[in-house]
file upload.txt (compact mmCIF, C-alpha atoms and all ligand atoms)
# COMPACT_ATOMS: atom_id res chain seq x y z
CA MET C 1 -12.03 9.57 4.91
CA LYS C 2 -8.85 7.54 5.44
CA LYS C 3 -6.84 6.51 2.41
CA ILE C 4 -5.70 2.97 3.01
CA VAL C 5 -3.84 -0.01 1.58
CA ILE C 6 -5.07 -3.56 2.13
CA LEU C 7 -2.10 -5.91 2.04
CA THR C 8 -2.51 -9.66 2.53
CA GLY C 9 0.38 -11.91 3.51
CA ALA C 10 2.07 -8.86 5.04
CA THR C 11 4.45 -10.87 7.24
CA GLY C 12 6.04 -12.94 4.45
CA GLY C 13 9.00 -12.18 2.20
CA LEU C 14 7.14 -10.24 -0.50
CA GLY C 15 4.55 -8.88 1.95
CA ARG C 16 7.10 -7.20 4.22
CA GLU C 17 8.73 -5.64 1.17
CA PHE C 18 5.37 -4.37 -0.12
CA LEU C 19 4.71 -2.90 3.31
CA LYS C 20 8.08 -1.15 3.42
CA GLN C 21 7.72 0.35 -0.07
CA ILE C 22 4.00 1.22 0.04
CA LEU C 23 4.51 3.17 3.28
CA LYS C 24 6.45 5.68 1.17
CA GLU C 25 3.20 6.50 -0.66
CA GLU C 26 0.71 9.06 0.64
CA VAL C 27 -1.51 6.68 2.58
CA ASP C 28 -2.95 6.88 6.10
CA GLU C 29 -3.01 3.21 7.00
CA VAL C 30 -1.89 -0.18 5.74
CA TRP C 31 -4.28 -2.91 6.88
CA SER C 32 -1.75 -5.71 7.17
CA ILE C 33 -3.30 -9.16 7.03
CA ALA C 34 -1.88 -12.57 7.99
CA ARG C 35 -2.77 -15.31 10.49
CA ASN C 36 0.09 -14.92 12.97
CA SER C 37 -0.87 -11.96 15.19
CA GLN C 38 2.48 -11.87 16.99
CA LYS C 39 4.34 -11.34 13.71
CA LEU C 40 1.84 -8.61 12.76
CA LEU C 41 2.47 -6.78 16.05
CA GLU C 42 6.20 -6.98 15.40
CA LEU C 43 5.60 -5.38 11.98
CA GLN C 44 3.69 -2.55 13.65
CA LYS C 45 6.53 -2.08 16.13
CA GLU C 46 9.05 -1.92 13.29
CA TYR C 47 7.09 0.25 10.83
CA GLY C 48 4.91 2.38 13.11
CA HIS C 49 1.31 3.42 13.71
CA LYS C 50 0.25 3.37 10.04
CA VAL C 51 0.46 -0.43 10.16
CA ILE C 52 -2.90 -1.80 11.27
CA PRO C 53 -2.56 -5.51 12.15
CA VAL C 54 -5.50 -7.65 11.05
CA SER C 55 -5.19 -11.29 12.01
CA ALA C 56 -7.36 -13.36 9.68
CA ASP C 57 -7.25 -16.73 7.97
CA LEU C 58 -8.15 -15.96 4.36
CA SER C 59 -8.61 -19.63 3.47
CA ASP C 60 -11.70 -19.50 5.69
CA ILE C 61 -14.82 -17.56 4.69
CA LYS C 62 -14.92 -16.17 8.27
CA GLY C 63 -11.62 -14.37 7.53
CA ILE C 64 -13.15 -12.76 4.44
CA GLN C 65 -16.26 -11.72 6.45
CA GLN C 66 -13.94 -10.09 9.00
CA ILE C 67 -12.51 -7.81 6.27
CA LYS C 68 -16.02 -7.11 4.94
CA GLU C 69 -17.13 -5.95 8.40
CA LEU C 70 -14.01 -3.78 8.86
CA LEU C 71 -14.70 -2.07 5.53
CA GLN C 72 -18.36 -1.49 6.45
CA GLU C 73 -17.36 -0.04 9.82
CA LYS C 74 -14.47 2.21 8.73
CA LYS C 75 -15.63 3.15 5.20
CA PRO C 76 -12.11 3.98 3.94
CA LEU C 77 -10.88 4.91 0.49
CA VAL C 78 -8.96 1.83 -0.67
CA ALA C 79 -6.03 3.18 -2.70
CA TYR C 80 -4.32 -0.21 -3.10
CA LEU C 81 -5.54 -3.77 -2.65
CA ILE C 82 -2.51 -6.06 -2.73
CA ASN C 83 -3.61 -9.71 -2.84
CA ASN C 84 -0.28 -11.22 -1.91
CA ALA C 85 -1.00 -14.06 0.57
CA GLY C 86 -0.52 -17.43 -1.03
CA SER C 87 0.61 -20.94 -0.24
CA ALA C 88 2.68 -23.32 -2.32
CA LYS C 89 3.39 -26.97 -1.84
CA MET C 90 5.51 -28.95 -4.23
CA GLY C 91 4.65 -32.61 -4.69
CA LYS C 92 2.78 -35.24 -6.63
CA TYR C 93 -1.02 -34.97 -6.92
CA SER C 94 -1.37 -37.87 -4.46
CA ASP C 95 0.59 -35.99 -1.74
CA PHE C 96 -2.33 -33.58 -1.24
CA SER C 97 -5.17 -34.20 1.19
CA ILE C 98 -8.65 -33.00 0.29
CA GLU C 99 -8.34 -30.40 3.07
CA GLU C 100 -5.04 -29.06 1.66
CA ILE C 101 -6.57 -28.76 -1.80
CA ASP C 102 -9.52 -26.89 -0.33
CA ARG C 103 -7.31 -24.48 1.65
CA THR C 104 -4.97 -23.84 -1.31
CA VAL C 105 -7.80 -23.03 -3.72
CA ASN C 106 -9.53 -20.91 -1.07
CA LEU C 107 -6.40 -18.87 -0.34
CA ASN C 108 -4.84 -18.62 -3.81
CA CYS C 109 -8.02 -18.27 -5.92
CA LYS C 110 -11.17 -17.47 -3.95
CA ALA C 111 -9.77 -15.01 -1.40
CA PRO C 112 -8.28 -12.54 -3.95
CA VAL C 113 -11.50 -12.55 -5.99
CA MET C 114 -13.71 -12.06 -2.93
CA LEU C 115 -11.49 -9.31 -1.48
CA THR C 116 -11.45 -7.57 -4.86
CA GLN C 117 -15.24 -7.72 -5.02
CA LEU C 118 -15.52 -6.31 -1.48
CA CYS C 119 -12.99 -3.52 -2.05
CA ILE C 120 -14.08 -2.09 -5.42
CA PRO C 121 -17.04 -0.18 -3.90
CA TYR C 122 -14.51 1.55 -1.62
CA MET C 123 -12.15 2.45 -4.47
CA GLY C 124 -11.95 5.56 -6.63
CA LYS C 125 -10.05 7.04 -9.55
CA GLY C 126 -6.40 5.97 -9.25
CA SER C 127 -7.06 2.97 -7.00
CA LYS C 128 -5.05 -0.11 -7.84
CA ILE C 129 -5.54 -3.83 -7.42
CA LEU C 130 -2.37 -5.95 -7.47
CA ASN C 131 -2.78 -9.71 -7.61
CA ILE C 132 0.43 -11.56 -6.89
CA SER C 133 0.45 -14.37 -9.39
CA SER C 134 3.63 -16.06 -10.62
CA ALA C 135 5.64 -17.01 -13.70
CA SER C 136 4.29 -20.49 -13.01
CA ALA C 137 0.98 -19.12 -14.32
CA PHE C 138 2.42 -19.11 -17.85
CA GLN C 139 2.56 -22.90 -18.29
CA PRO C 140 1.36 -26.23 -16.86
CA ASN C 141 3.86 -27.26 -14.15
CA PRO C 142 3.84 -30.94 -13.05
CA TYR C 143 4.65 -31.41 -9.34
CA ILE C 144 3.65 -27.86 -8.47
CA ASN C 145 0.52 -28.37 -10.50
CA LEU C 146 -2.11 -27.09 -8.07
CA TYR C 147 -0.07 -24.01 -7.21
CA ALA C 148 0.69 -23.18 -10.86
CA ALA C 149 -2.93 -23.71 -11.90
CA SER C 150 -4.12 -21.48 -9.04
CA LYS C 151 -1.69 -18.75 -10.18
CA ALA C 152 -2.93 -19.03 -13.79
CA PHE C 153 -6.43 -18.45 -12.42
CA GLY C 154 -5.25 -15.29 -10.63
CA LYS C 155 -3.39 -13.92 -13.65
CA ASN C 156 -6.32 -14.39 -16.02
CA TYR C 157 -8.87 -13.07 -13.53
CA SER C 158 -6.78 -10.00 -12.87
CA ARG C 159 -6.14 -9.06 -16.51
CA ALA C 160 -9.73 -9.63 -17.61
CA LEU C 161 -10.99 -7.58 -14.66
CA ASN C 162 -8.75 -4.74 -15.79
CA VAL C 163 -10.69 -4.59 -19.07
CA GLU C 164 -14.02 -4.62 -17.21
CA LEU C 165 -12.79 -1.72 -15.06
CA GLU C 166 -11.97 0.50 -18.05
CA GLY C 167 -13.41 3.98 -17.56
CA THR C 168 -13.57 3.71 -13.76
CA GLY C 169 -10.00 4.91 -13.10
CA ILE C 170 -9.37 1.68 -11.15
CA THR C 171 -6.77 -0.75 -12.51
CA SER C 172 -6.08 -4.40 -11.90
CA MET C 173 -2.66 -5.92 -12.49
CA ALA C 174 -1.17 -9.42 -12.20
CA VAL C 175 2.36 -9.56 -10.78
CA CYS C 176 4.23 -12.56 -12.25
CA PRO C 177 7.65 -13.04 -10.67
CA GLY C 178 9.86 -16.09 -11.21
CA TRP C 179 11.66 -17.50 -8.17
CA VAL C 180 11.90 -14.93 -5.37
CA ASP C 181 14.22 -15.36 -2.40
CA THR C 182 11.68 -15.82 0.44
CA GLU C 183 10.70 -18.42 3.04
CA LEU C 184 8.21 -19.88 0.57
CA LEU C 185 10.98 -21.67 -1.31
CA PRO C 186 12.35 -24.84 0.28
CA LYS C 187 16.14 -24.74 0.53
CA GLU C 188 16.35 -28.54 0.26
CA ILE C 189 14.17 -31.22 -1.34
CA ASN C 190 14.75 -34.94 -0.69
CA GLY C 191 18.10 -34.07 0.87
CA LYS C 192 19.24 -32.13 -2.19
CA LYS C 193 20.09 -28.43 -2.06
CA VAL C 194 17.78 -26.63 -4.50
CA ARG C 195 19.09 -24.22 -7.11
CA TYR C 196 16.53 -21.68 -8.31
CA PRO C 197 17.41 -20.33 -11.77
CA GLY C 198 16.85 -16.60 -12.20
CA LEU C 199 16.30 -16.06 -8.44
CA VAL C 200 15.58 -12.38 -7.63
CA THR C 201 15.10 -10.36 -4.45
CA ALA C 202 11.67 -9.38 -3.11
CA GLU C 203 12.84 -5.74 -3.18
CA ARG C 204 13.25 -5.85 -6.96
CA VAL C 205 9.91 -7.55 -7.64
CA VAL C 206 8.00 -5.08 -5.46
CA ARG C 207 9.77 -1.99 -6.83
CA GLN C 208 8.90 -3.04 -10.38
CA ALA C 209 5.31 -4.00 -9.42
CA ILE C 210 4.56 -0.60 -7.84
CA ARG C 211 6.13 1.19 -10.81
CA ASP C 212 4.10 -0.89 -13.31
CA ALA C 213 0.87 -0.40 -11.35
CA LYS C 214 1.40 3.37 -11.47
CA LYS C 215 1.80 3.14 -15.25
CA GLY C 216 -1.57 1.34 -15.43
CA LYS C 217 -0.10 -1.93 -16.74
CA ASP C 218 -2.16 -5.12 -16.42
CA MET C 219 0.86 -7.37 -15.87
CA SER C 220 4.22 -6.91 -14.15
CA VAL C 221 7.17 -9.12 -15.08
CA CYS C 222 10.37 -8.09 -13.40
CA SER C 223 13.41 -9.82 -14.88
CA LEU C 224 14.77 -10.52 -18.35
CA TYR C 225 14.89 -14.20 -17.35
CA VAL C 226 11.10 -14.32 -16.80
CA LYS C 227 10.39 -12.17 -19.87
CA CYS C 228 12.29 -14.75 -22.01
CA GLN C 229 10.45 -17.59 -20.26
CA HIS C 230 7.12 -15.91 -21.01
CA LEU C 231 8.00 -15.59 -24.69
CA ASN C 232 9.34 -19.16 -24.95
CA VAL C 233 6.23 -20.76 -23.49
CA LYS C 234 4.11 -18.83 -25.98
CA LEU C 235 6.19 -20.04 -28.91
CA LEU C 236 6.95 -23.66 -27.96
CA PRO C 237 4.44 -26.54 -27.83
CA GLN C 238 3.16 -27.03 -24.25
CA ARG C 239 4.32 -30.69 -24.18
CA LEU C 240 7.90 -29.56 -24.91
CA VAL C 241 7.63 -26.79 -22.30
CA MET C 242 6.64 -29.40 -19.71
CA LYS C 243 9.50 -31.69 -20.78
CA ILE C 244 11.98 -28.85 -20.23
CA TRP C 245 10.43 -28.17 -16.81
CA MET C 246 10.68 -31.86 -15.87
CA ALA C 247 14.33 -31.98 -16.95
CA GLY C 248 14.98 -29.12 -14.50
CA ILE C 249 13.18 -30.60 -11.49
CA GLY C 250 13.71 -34.35 -12.11
CA LYS C 251 16.70 -34.61 -9.76
CA TYR C 252 14.63 -33.41 -6.77
CA LEU C 253 11.76 -35.86 -7.18
CA GLY C 254 13.11 -38.94 -5.36
CA ASP C 255 11.03 -42.11 -5.85
CA ASN C 256 7.87 -40.55 -7.30
N1 LIG R 1 8.69 -16.75 -3.37
C1 LIG R 1 8.53 -17.01 -4.64
O1 LIG R 1 9.41 -17.58 -5.31
C2 LIG R 1 7.28 -16.55 -5.36
C3 LIG R 1 7.29 -16.56 -6.76
C4 LIG R 1 6.16 -16.16 -7.44
C5 LIG R 1 5.03 -15.77 -6.75
N2 LIG R 1 5.02 -15.80 -5.38
C6 LIG R 1 3.79 -15.42 -4.70
O2 LIG R 1 4.04 -14.29 -3.89
C7 LIG R 1 3.15 -14.30 -2.77
C8 LIG R 1 3.95 -14.09 -1.49
O3 LIG R 1 4.88 -15.13 -1.40
P1 LIG R 1 6.11 -15.14 -0.37
O4 LIG R 1 7.23 -15.80 -1.10
O5 LIG R 1 6.29 -13.82 0.25
O6 LIG R 1 5.54 -16.20 0.70
P2 LIG R 1 5.80 -16.32 2.27
O7 LIG R 1 7.09 -15.71 2.65
O8 LIG R 1 5.56 -17.78 2.58
O9 LIG R 1 4.60 -15.46 2.91
C9 LIG R 1 3.27 -15.88 2.84
C10 LIG R 1 2.41 -14.85 3.56
O10 LIG R 1 1.03 -15.24 3.43
C11 LIG R 1 0.44 -15.35 4.75
N3 LIG R 1 -0.56 -16.43 4.72
C12 LIG R 1 -0.36 -17.74 4.46
N4 LIG R 1 -1.51 -18.41 4.58
C13 LIG R 1 -2.46 -17.53 4.94
C14 LIG R 1 -3.85 -17.61 5.23
N5 LIG R 1 -4.48 -18.78 5.19
N6 LIG R 1 -4.53 -16.47 5.54
C15 LIG R 1 -3.88 -15.27 5.59
N7 LIG R 1 -2.58 -15.12 5.32
C16 LIG R 1 -1.86 -16.23 5.01
C17 LIG R 1 1.62 -15.68 5.67
O11 LIG R 1 1.39 -15.32 7.03
P3 LIG R 1 0.74 -16.37 8.10
O12 LIG R 1 1.43 -17.68 7.89
O13 LIG R 1 0.98 -15.74 9.43
O14 LIG R 1 -0.72 -16.42 7.77
C18 LIG R 1 2.70 -14.78 5.06
O15 LIG R 1 2.49 -13.45 5.51
C19 LIG R 1 2.40 -15.62 -2.84
O16 LIG R 1 1.13 -15.43 -3.40
C20 LIG R 1 3.26 -16.46 -3.75
O17 LIG R 1 2.52 -17.45 -4.42
C21 LIG R 1 6.13 -16.16 -4.68
call {"tool": "encode", "arguments": {"input": "upload.txt", "output": "structure tokens"}}
result
Amino acid sequence: MKKIVILTGATGGLGREFLKQILKEEVDEVWSIARNSQKLLELQKEYGHKVIPVSADLSDIKGIQQIKELLQEKKPLVAYLINNAGSAKMGKYSDFSIEEIDRTVNLNCKAPVMLTQLCIPYMGKGSKILNISSASAFQPNPYINLYAASKAFGKNYSRALNVELEGTGITSMAVCPGWVDTELLPKEINGKKVRYPGLVTAERVVRQAIRDAKKGKDMSVCSLYVKCQHLNVKLLPQRLVMKIWMAGIGKYLGDN
């Protein structure tokens, strides 16, 4: 039986880093999932035969079915499920079409839950589920509201699942980084260069996440900056927390 990793969003900033670091573990294959098949083939070229490209749109139920069928056909041992694919759009509530809302919730909320449900029967003692959430899950965040709310969903789902899995040897952990230097973050908004406080590298987030998962933690927070943020939002009233957030992003909002 092959010991595998299922990694979604493998071609993005954090995904590529997860791929690089997880290949150092004793695993036979990394099923690397994203929509762009060309980029997946390039990953295979760069990292070798253990990388199995799986082109699937996880915001579509057909993409989830595709993974279900692969699991049924190959019957692997899933050592790691890394639910990393996600999309983020900043903007006012009215900037979102119904279709965008549907795709965002499908990708950021439904896909990780459905993949988790599909993978658990193929897991064993020591298997690990990593759900890439965000520090934005800690508080309500106007103007990245849908994204932040979707990440809060993932964090809570992941931690509660970890309790339900007690005694199985399988663990579930939410990874909650602050700003990470990847393509996801716009460099400019409304003509203004964006400064991301506490920005960290993908390498650091992933190194800490894998280390924390091995320790059996249910949440991974990688920098002192985010640890302080986490504590502050627990202590301060939520209205004040949102005011502080708005003071930070106000200059990028234009005529909203
Ligand atoms: N960067 C940050 O500051 C930050 C902070 C906290 C948390 N996060 C979270 O970390 C995760 C990875 O973010 P990142 O910064 O690495 O983003 P990224 O560079 O934009 O990569 C996103 C990845 O997801 C894939 N993807 C997007 N839509 C998909 C779909 N419908 N079906 C399947 N795959 C899809 C993309 O490939 P295709 O486009 O080819 O499908 C790509 O591989 C996300 O969940 C994000 O919310 C990021």
call {"tool": "closest_atom_pairs", "arguments": {"input": "upload.txt", "of": "chain C", "to": "ligand LIG 1 (chain R)", "cutoff": "8 Å", "atoms": "all atoms listed in the file", "output": "JSON lines"}}
result
{"residue": "C:Thr8", "atom": "CA", "partner": "R:LIG1", "partner_atom": "N7", "distance": 6.1}
{"residue": "C:Gly9", "atom": "CA", "partner": "R:LIG1", "partner_atom": "O15", "distance": 3.3}
{"residue": "C:Ala10", "atom": "CA", "partner": "R:LIG1", "partner_atom": "O15", "distance": 4.6}
{"residue": "C:Thr11", "atom": "CA", "partner": "R:LIG1", "partner_atom": "O15", "distance": 3.7}
{"residue": "C:Gly12", "atom": "CA", "partner": "R:LIG1", "partner_atom": "O9", "distance": 3.3}
{"residue": "C:Gly13", "atom": "CA", "partner": "R:LIG1", "partner_atom": "O5", "distance": 3.7}
{"residue": "C:Leu14", "atom": "CA", "partner": "R:LIG1", "partner_atom": "O5", "distance": 3.8}
{"residue": "C:Gly15", "atom": "CA", "partner": "R:LIG1", "partner_atom": "O5", "distance": 5.5}
{"residue": "C:Arg16", "atom": "CA", "partner": "R:LIG1", "partner_atom": "O5", "distance": 7.8}
{"residue": "C:Ile33", "atom": "CA", "partner": "R:LIG1", "partner_atom": "N7", "distance": 6.2}
{"residue": "C:Ala34", "atom": "CA", "partner": "R:LIG1", "partner_atom": "N7", "distance": 3.8}
{"residue": "C:Arg35", "atom": "CA", "partner": "R:LIG1", "partner_atom": "O14", "distance": 3.6}
{"residue": "C:Asn36", "atom": "CA", "partner": "R:LIG1", "partner_atom": "O13", "distance": 3.7}
{"residue": "C:Ser37", "atom": "CA", "partner": "R:LIG1", "partner_atom": "O13", "distance": 7.1}
{"residue": "C:Lys39", "atom": "CA", "partner": "R:LIG1", "partner_atom": "O13", "distance": 7.0}
{"residue": "C:Leu40", "atom": "CA", "partner": "R:LIG1", "partner_atom": "O13", "distance": 7.9}
{"residue": "C:Ser55", "atom": "CA", "partner": "R:LIG1", "partner_atom": "C15", "distance": 7.7}
{"residue": "C:Ala56", "atom": "CA", "partner": "R:LIG1", "partner_atom": "C15", "distance": 5.7}
{"residue": "C:Asp57", "atom": "CA", "partner": "R:LIG1", "partner_atom": "N6", "distance": 3.7}
{"residue": "C:Leu58", "atom": "CA", "partner": "R:LIG1", "partner_atom": "N6", "distance": 3.8}
{"residue": "C:Ser59", "atom": "CA", "partner": "R:LIG1", "partner_atom": "N5", "distance": 4.6}
{"residue": "C:Asp60", "atom": "CA", "partner": "R:LIG1", "partner_atom": "N5", "distance": 7.3}
{"residue": "C:Gly63", "atom": "CA", "partner": "R:LIG1", "partner_atom": "N6", "distance": 7.7}
{"residue": "C:Asn83", "atom": "CA", "partner": "R:LIG1", "partner_atom": "O16", "distance": 7.4}
{"residue": "C:Asn84", "atom": "CA", "partner": "R:LIG1", "partner_atom": "O16", "distance": 4.7}
{"residue": "C:Ala85", "atom": "CA", "partner": "R:LIG1", "partner_atom": "O10", "distance": 3.7}
{"residue": "C:Gly86", "atom": "CA", "partner": "R:LIG1", "partner_atom": "O16", "distance": 3.5}
{"residue": "C:Ser87", "atom": "CA", "partner": "R:LIG1", "partner_atom": "C12", "distance": 5.8}
{"residue": "C:Ala88", "atom": "CA", "partner": "R:LIG1", "partner_atom": "O17", "distance": 6.2}
{"residue": "C:Arg103", "atom": "CA", "partner": "R:LIG1", "partner_atom": "N5", "distance": 7.3}
{"residue": "C:Leu107", "atom": "CA", "partner": "R:LIG1", "partner_atom": "N5", "distance": 5.9}
{"residue": "C:Asn108", "atom": "CA", "partner": "R:LIG1", "partner_atom": "O16", "distance": 6.8}
{"residue": "C:Ile132", "atom": "CA", "partner": "R:LIG1", "partner_atom": "O16", "distance": 5.3}
{"residue": "C:Ser133", "atom": "CA", "partner": "R:LIG1", "partner_atom": "C5", "distance": 5.5}
{"residue": "C:Ser134", "atom": "CA", "partner": "R:LIG1", "partner_atom": "C4", "distance": 4.1}
{"residue": "C:Ala135", "atom": "CA", "partner": "R:LIG1", "partner_atom": "C4", "distance": 6.3}
{"residue": "C:Ser136", "atom": "CA", "partner": "R:LIG1", "partner_atom": "C4", "distance": 7.3}
{"residue": "C:Tyr147", "atom": "CA", "partner": "R:LIG1", "partner_atom": "O17", "distance": 7.6}
{"residue": "C:Lys151", "atom": "CA", "partner": "R:LIG1", "partner_atom": "O17", "distance": 7.3}
{"residue": "C:Val175", "atom": "CA", "partner": "R:LIG1", "partner_atom": "C5", "distance": 7.9}
{"residue": "C:Cys176", "atom": "CA", "partner": "R:LIG1", "partner_atom": "C4", "distance": 6.3}
{"residue": "C:Pro177", "atom": "CA", "partner": "R:LIG1", "partner_atom": "C4", "distance": 4.7}
{"residue": "C:Gly178", "atom": "CA", "partner": "R:LIG1", "partner_atom": "C3", "distance": 5.2}
{"residue": "C:Trp179", "atom": "CA", "partner": "R:LIG1", "partner_atom": "O1", "distance": 3.6}
{"residue": "C:Val180", "atom": "CA", "partner": "R:LIG1", "partner_atom": "O1", "distance": 3.6}
{"residue": "C:Asp181", "atom": "CA", "partner": "R:LIG1", "partner_atom": "N1", "distance": 5.8}
{"residue": "C:Thr182", "atom": "CA", "partner": "R:LIG1", "partner_atom": "O4", "distance": 4.7}
{"residue": "C:Glu183", "atom": "CA", "partner": "R:LIG1", "partner_atom": "O7", "distance": 4.5}
{"residue": "C:Leu184", "atom": "CA", "partner": "R:LIG1", "partner_atom": "O8", "distance": 3.9}
{"residue": "C:Leu185", "atom": "CA", "partner": "R:LIG1", "partner_atom": "N1", "distance": 5.8}
{"residue": "C:Leu199", "atom": "CA", "partner": "R:LIG1", "partner_atom": "O1", "distance": 7.7}
{"residue": "C:Ala202", "atom": "CA", "partner": "R:LIG1", "partner_atom": "O5", "distance": 7.7}
call {"tool": "atom_distance", "arguments": {"input": "upload.txt", "atom1": "CA of Tyr157 in chain C", "atom2": "CA of Ile22 in chain C"}}
result
23.5 Å
call {"tool": "closest_residue", "arguments": {"input": "upload.txt", "among": "C:Met246, C:Leu41, C:Leu146, C:Ile210", "to": "Glu100 in chain C", "atoms": "all atoms listed in the file"}}
result
C:Leu146
call {"tool": "closest_residue", "arguments": {"input": "upload.txt", "among": "C:Gln139, C:Gln38, C:Ser150, C:Ser32", "to": "Val105 in chain C", "atoms": "only C-alpha atoms"}}
result
C:Ser150
call {"tool": "decode", "arguments": {"input": "upload.txt", "residues": "range 151-163 of chain C", "atoms": "N, CA and C atoms", "output": "CSV table (one decimal), in the first residue's frame"}}
result
chain,number,residue,atom,x,y,z
C,151,LYS,N,-12.2,31.5,6.7
C,151,LYS,CA,-11.1,31.0,7.5
C,151,LYS,C,-11.4,30.6,8.9
C,152,ALA,N,-12.3,31.4,9.5
C,152,ALA,CA,-12.8,31.1,10.9
C,152,ALA,C,-13.5,29.8,10.9
C,153,PHE,N,-14.3,29.5,9.8
C,153,PHE,CA,-15.0,28.3,9.6
C,153,PHE,C,-14.0,27.1,9.7
C,154,GLY,N,-12.9,27.3,8.9
C,154,GLY,CA,-11.9,26.2,8.7
C,154,GLY,C,-11.2,26.0,10.0
C,155,LYS,N,-10.9,27.0,10.7
C,155,LYS,CA,-10.1,26.9,12.0
C,155,LYS,C,-11.0,26.1,13.0
C,156,ASN,N,-12.2,26.6,13.2
C,156,ASN,CA,-13.1,25.9,14.2
C,156,ASN,C,-13.4,24.5,13.8
C,157,TYR,N,-13.6,24.2,12.5
C,157,TYR,CA,-13.9,22.9,12.1
C,157,TYR,C,-12.7,22.0,12.4
C,158,SER,N,-11.6,22.5,12.1
C,158,SER,CA,-10.4,21.7,12.2
C,158,SER,C,-10.1,21.3,13.7
C,159,ARG,N,-10.2,22.3,14.6
C,159,ARG,CA,-9.9,22.1,16.0
C,159,ARG,C,-10.9,21.1,16.6
C,160,ALA,N,-12.2,21.4,16.3
C,160,ALA,CA,-13.2,20.5,16.9
C,160,ALA,C,-13.1,19.1,16.4
C,161,LEU,N,-12.7,18.9,15.1
C,161,LEU,CA,-12.5,17.6,14.5
C,161,LEU,C,-11.4,16.9,15.3
C,162,ASN,N,-10.4,17.6,15.7
C,162,ASN,CA,-9.3,17.0,16.4
C,162,ASN,C,-9.8,16.3,17.7
C,163,VAL,N,-10.7,16.9,18.3
C,163,VAL,CA,-11.3,16.3,19.6
C,163,VAL,C,-12.0,15.1,19.2
